[in-house]
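Reproduced below: my_file22.cif, with mmCIF, C-alpha atoms.
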data_run
#
loop_
_atom_site.label_atom_id
_atom_site.label_comp_id
_atom_site.auth_asym_id
_atom_site.auth_seq_id
_atom_site.Cartn_x
_atom_site.Cartn_y
_atom_site.Cartn_z
CA MET A 16 22.26 -22.57 -10.75
CA THR A 17 21.15 -19.10 -9.66
CA HIS A 18 19.96 -18.21 -13.16
CA ARG A 19 17.76 -21.29 -13.17
CA ILE A 20 16.17 -20.42 -9.81
CA VAL A 21 15.52 -16.81 -10.81
CA ALA A 22 14.07 -17.93 -14.16
CA ARG A 23 11.77 -20.38 -12.40
CA ILE A 24 10.57 -17.66 -10.01
CA GLY A 25 9.74 -15.37 -12.96
CA LEU A 26 8.01 -18.15 -14.87
CA ALA A 27 6.06 -19.19 -11.77
CA TYR A 28 4.90 -15.63 -11.14
CA LEU A 29 3.69 -15.21 -14.73
CA ALA A 30 2.12 -18.68 -14.88
CA VAL A 31 0.21 -18.32 -11.61
CA ASN A 32 -1.17 -14.94 -12.68
CA ALA A 33 -2.23 -16.24 -16.09
CA LEU A 34 -3.73 -19.37 -14.54
CA LEU A 35 -5.73 -17.47 -11.91
CA LEU A 36 -6.97 -14.85 -14.38
CA GLY A 37 -7.79 -17.50 -16.95
CA MET A 38 -9.67 -19.77 -14.59
CA TRP A 39 -11.67 -16.91 -13.08
CA ALA A 40 -12.64 -15.47 -16.48
CA VAL A 41 -13.57 -18.87 -17.97
CA ILE A 42 -15.43 -20.26 -14.96
CA ALA A 43 -17.18 -17.09 -13.78
CA PRO A 44 -17.03 -14.45 -16.53
CA ARG A 45 -19.62 -12.16 -14.96
CA SER A 46 -17.82 -12.21 -11.62
CA PHE A 47 -14.51 -11.53 -13.37
CA TYR A 48 -16.08 -8.57 -15.18
CA ASP A 49 -17.80 -7.17 -12.08
CA ASP A 50 -15.23 -7.94 -9.39
CA PHE A 51 -11.70 -8.04 -10.85
CA PRO A 52 -9.22 -7.60 -9.16
CA GLY A 53 -11.21 -8.26 -5.99
CA LEU A 54 -11.06 -6.70 -2.53
CA GLY A 55 -13.94 -4.37 -3.40
CA ARG A 56 -12.30 -2.96 -6.51
CA ALA A 57 -13.73 -3.09 -10.06
CA TRP A 58 -11.30 -2.45 -12.89
CA ILE A 59 -13.01 -4.08 -15.85
CA SER A 60 -16.67 -3.10 -15.50
CA VAL A 61 -15.73 0.62 -15.56
CA ASP A 62 -14.36 0.23 -19.11
CA GLY A 63 -17.41 -0.84 -21.10
CA PRO A 64 -20.39 -3.19 -21.23
CA PHE A 65 -20.18 -6.86 -20.27
CA ASN A 66 -19.48 -9.28 -23.13
CA GLU A 67 -19.41 -12.89 -21.94
CA HIS A 68 -17.81 -14.14 -25.14
CA LEU A 69 -14.97 -11.65 -24.91
CA VAL A 70 -14.33 -12.31 -21.20
CA ARG A 71 -14.29 -16.09 -21.74
CA ASP A 72 -11.93 -15.69 -24.71
CA VAL A 73 -9.55 -13.57 -22.62
CA GLY A 74 -9.71 -16.23 -19.93
CA ALA A 75 -9.00 -19.03 -22.39
CA LEU A 76 -6.05 -17.14 -23.88
CA ASN A 77 -4.64 -16.64 -20.37
CA LEU A 78 -5.00 -20.37 -19.76
CA ALA A 79 -3.13 -21.09 -23.01
CA LEU A 80 -0.35 -18.72 -21.95
CA ALA A 81 -0.26 -20.43 -18.54
CA VAL A 82 0.26 -23.82 -20.23
CA LEU A 83 3.26 -22.44 -22.13
CA LEU A 84 4.71 -20.77 -19.03
CA ILE A 85 4.28 -23.91 -16.93
CA THR A 86 5.95 -26.00 -19.64
CA ALA A 87 8.86 -23.54 -19.73
CA PHE A 88 9.05 -23.71 -15.91
CA VAL A 89 9.29 -27.51 -15.99
CA ARG A 90 11.62 -27.91 -18.99
CA LEU A 91 13.66 -24.72 -18.42
CA SER A 92 15.39 -24.80 -21.79
CA LYS A 93 16.80 -21.68 -23.41
CA GLU A 94 14.49 -21.95 -26.41
CA LEU A 95 11.30 -22.63 -24.47
CA VAL A 96 11.93 -19.88 -21.90
CA THR A 97 12.60 -17.45 -24.77
CA ILE A 98 9.37 -18.42 -26.55
CA ALA A 99 7.39 -18.16 -23.30
CA ALA A 100 8.89 -14.75 -22.52
CA VAL A 101 8.19 -13.38 -26.00
CA SER A 102 4.63 -14.76 -25.81
CA ALA A 103 4.11 -13.08 -22.43
CA LEU A 104 5.42 -9.81 -23.88
CA ALA A 105 3.07 -10.10 -26.86
CA TRP A 106 0.24 -9.98 -24.34
CA GLY A 107 1.85 -7.79 -21.67
CA ILE A 108 3.08 -4.83 -23.72
CA PRO A 109 -0.19 -3.99 -25.53
CA HIS A 110 -2.12 -4.54 -22.29
CA PHE A 111 0.18 -2.15 -20.39
CA VAL A 112 0.11 0.46 -23.17
CA TYR A 113 -3.69 0.39 -23.35
CA HIS A 114 -4.05 1.00 -19.64
CA ALA A 115 -1.28 3.62 -19.57
CA PHE A 116 -3.25 5.70 -22.06
CA ASN A 117 -6.71 4.94 -20.66
CA THR A 118 -6.51 5.93 -17.02
CA ASP A 119 -9.77 7.91 -16.72
CA PRO A 120 -12.03 5.06 -15.52
CA LEU A 121 -9.90 4.32 -12.43
CA SER A 122 -8.91 6.33 -9.38
CA THR A 123 -5.28 7.37 -8.95
CA GLY A 124 -4.69 4.59 -6.43
CA ASP A 125 -6.25 1.96 -8.66
CA ASN A 126 -4.22 3.23 -11.63
CA ILE A 127 -1.02 2.89 -9.61
CA LEU A 128 -1.92 -0.66 -8.58
CA SER A 129 -3.10 -1.65 -12.05
CA LEU A 130 -0.15 -0.18 -13.94
CA GLY A 131 2.29 -1.56 -11.37
CA GLY A 132 0.96 -5.07 -11.88
CA LEU A 133 0.94 -4.66 -15.64
CA ALA A 134 4.52 -3.35 -15.54
CA LEU A 135 5.55 -6.56 -13.78
CA ALA A 136 3.93 -8.50 -16.63
CA VAL A 137 6.42 -6.74 -18.92
CA CYS A 138 9.48 -6.65 -16.63
CA TYR A 139 9.46 -10.35 -15.75
CA PRO A 140 9.50 -11.52 -19.39
CA VAL A 141 12.26 -9.01 -20.20
CA GLY A 142 14.27 -10.48 -17.34
CA LEU A 143 13.58 -13.97 -18.65
CA LEU A 144 14.90 -12.94 -22.07
CA TYR A 145 18.11 -11.85 -20.34
CA LEU A 146 18.37 -15.13 -18.41
CA ALA A 147 17.37 -17.54 -21.19
CA PRO A 148 20.77 -17.70 -22.96
CA ARG A 149 22.44 -18.40 -19.62
CA LEU A 150 20.21 -21.36 -18.70
CA ASP A 151 22.03 -23.94 -20.78
CA GLN A 152 25.38 -22.82 -19.32
CA ALA A 153 24.45 -23.92 -15.79
#

Please lay out the structure from this file as structure tokens.
Amino acid sequence: MTHRIVARIGLAYLAVNALLLGMWAVIAPRSFYDDFPGLGRAWISVDGPFNEHLVRDVGALNLALAVLLITAFVRLSKELVTIAAVSALAWGIPHFVYHAFNTDPLSTGDNILSLGGLALAVCYPVGLLYLAPRLDQA
């Protein structure tokens, strides 16, 4: 039972993040570009010119990932959790690597916050890959 609860927590964390990012980028792409992550910080606009098409596409892809993560949360099968985790890693690893090697636009504090959040987007799916085979045993 514990594996199932921990897996659901990881899936919920990833799904909520993808859903919030996706909705913001699709509904208000200029605001997402100018204001992400919020609280007076700007992490996207410092990295190049605004491209509404690109921001909306990133938002839509996050929404698609959220649908998969939510489905895995509800069904909680070994196969679906594995697919959701691998899909999250396919997005999370390149995103983390890009920002790890492109730190100049952000302050040290913002880099720590950004990379910390991006590291969670890699660590949670890795944890889910560990838990997935154990889900059907519960």

Report the residues retrieved by the PyMOL selection byres ((chain A and resi 34) around 9) from the displayed file, expressed as number ranges by chain.
A: 29-33, 35-39, 74, 77-82

Please expand the PyMOL selection byres ((chain A and resi 97-114) around 7) into the concrete residues it hits in this file, giving the result as an mmCIF file with C-alpha atoms, in the coordinates of the input.
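Final output, saved to expr_6.cif:
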data_model
loop_
_atom_site.group_PDB
_atom_site.id
_atom_site.type_symbol
_atom_site.label_atom_id
_atom_site.label_comp_id
_atom_site.auth_asym_id
_atom_site.auth_seq_id
_atom_site.Cartn_x
_atom_site.Cartn_y
_atom_site.Cartn_z
ATOM 1 C CA LEU A 83 3.260 -22.440 -22.130
ATOM 2 C CA LEU A 84 4.710 -20.770 -19.030
ATOM 3 C CA ALA A 87 8.860 -23.540 -19.730
ATOM 4 C CA LYS A 93 16.800 -21.680 -23.410
ATOM 5 C CA GLU A 94 14.490 -21.950 -26.410
ATOM 6 C CA LEU A 95 11.300 -22.630 -24.470
ATOM 7 C CA VAL A 96 11.930 -19.880 -21.900
ATOM 8 C CA ALA A 115 -1.280 3.620 -19.570
ATOM 9 C CA PHE A 116 -3.250 5.700 -22.060
ATOM 10 C CA ASN A 117 -6.710 4.940 -20.660
ATOM 11 C CA THR A 118 -6.510 5.930 -17.020
ATOM 12 C CA LEU A 130 -0.150 -0.180 -13.940
ATOM 13 C CA LEU A 133 0.940 -4.660 -15.640
ATOM 14 C CA ALA A 134 4.520 -3.350 -15.540
ATOM 15 C CA ALA A 136 3.930 -8.500 -16.630
ATOM 16 C CA VAL A 137 6.420 -6.740 -18.920
ATOM 17 C CA PRO A 140 9.500 -11.520 -19.390
ATOM 18 C CA LEU A 143 13.580 -13.970 -18.650
ATOM 19 C CA LEU A 144 14.900 -12.940 -22.070
ATOM 20 C CA ALA A 147 17.370 -17.540 -21.190
#

Find, counting all atoms listed in the file, the residue in A:Ile59, A:Leu26, A:Ile42, A:Ile85 that gets nearest to Ser129 (chain A).
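Checking each of A:Ile59, A:Leu26, A:Ile42, A:Ile85 against Ser129 (chain A), counting all atoms listed in the file, the winner is A:Ile59.
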
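The two atoms in question, CA of Leu128 (chain A) and CA of Arg56 (chain A), are spaced 10.8 Å apart.
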
Provide an axis-aligned box for all listed atoms of region 90-100 of chain A, padding each side by 8 Å; report its centre and its edge lengths in Å to one decimal, as AutoDock Vina command-line options.
--center_x 12.1 --center_y -21.3 --center_z -22.5 --size_x 25.4 --size_y 29.2 --size_z 24.1

Which residue is closest to Arg19 (chain A)? Choose from A:Val89, A:Pro44, A:Ser122, A:Gly131 and count all atoms listed in the file.
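Among the listed residues, A:Val89 lies closest to Arg19 (chain A).
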
Determine the nearest neighbour of Asp125 (chain A) from the options A:Trp58, A:Tyr28, A:Phe51, A:Tyr139, counting only C-alpha atoms.
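Going through A:Trp58, A:Tyr28, A:Phe51, A:Tyr139 one by one, the smallest distance to Asp125 (chain A) is for A:Trp58.
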
Would you write out, as a PyMOL selection string, every residue that the PyMOL selection byres ((chain A and resi 70) around 10) captures in this file?
chain A and resi 37+39-41+43-45+47-48+59+65-69+71-76
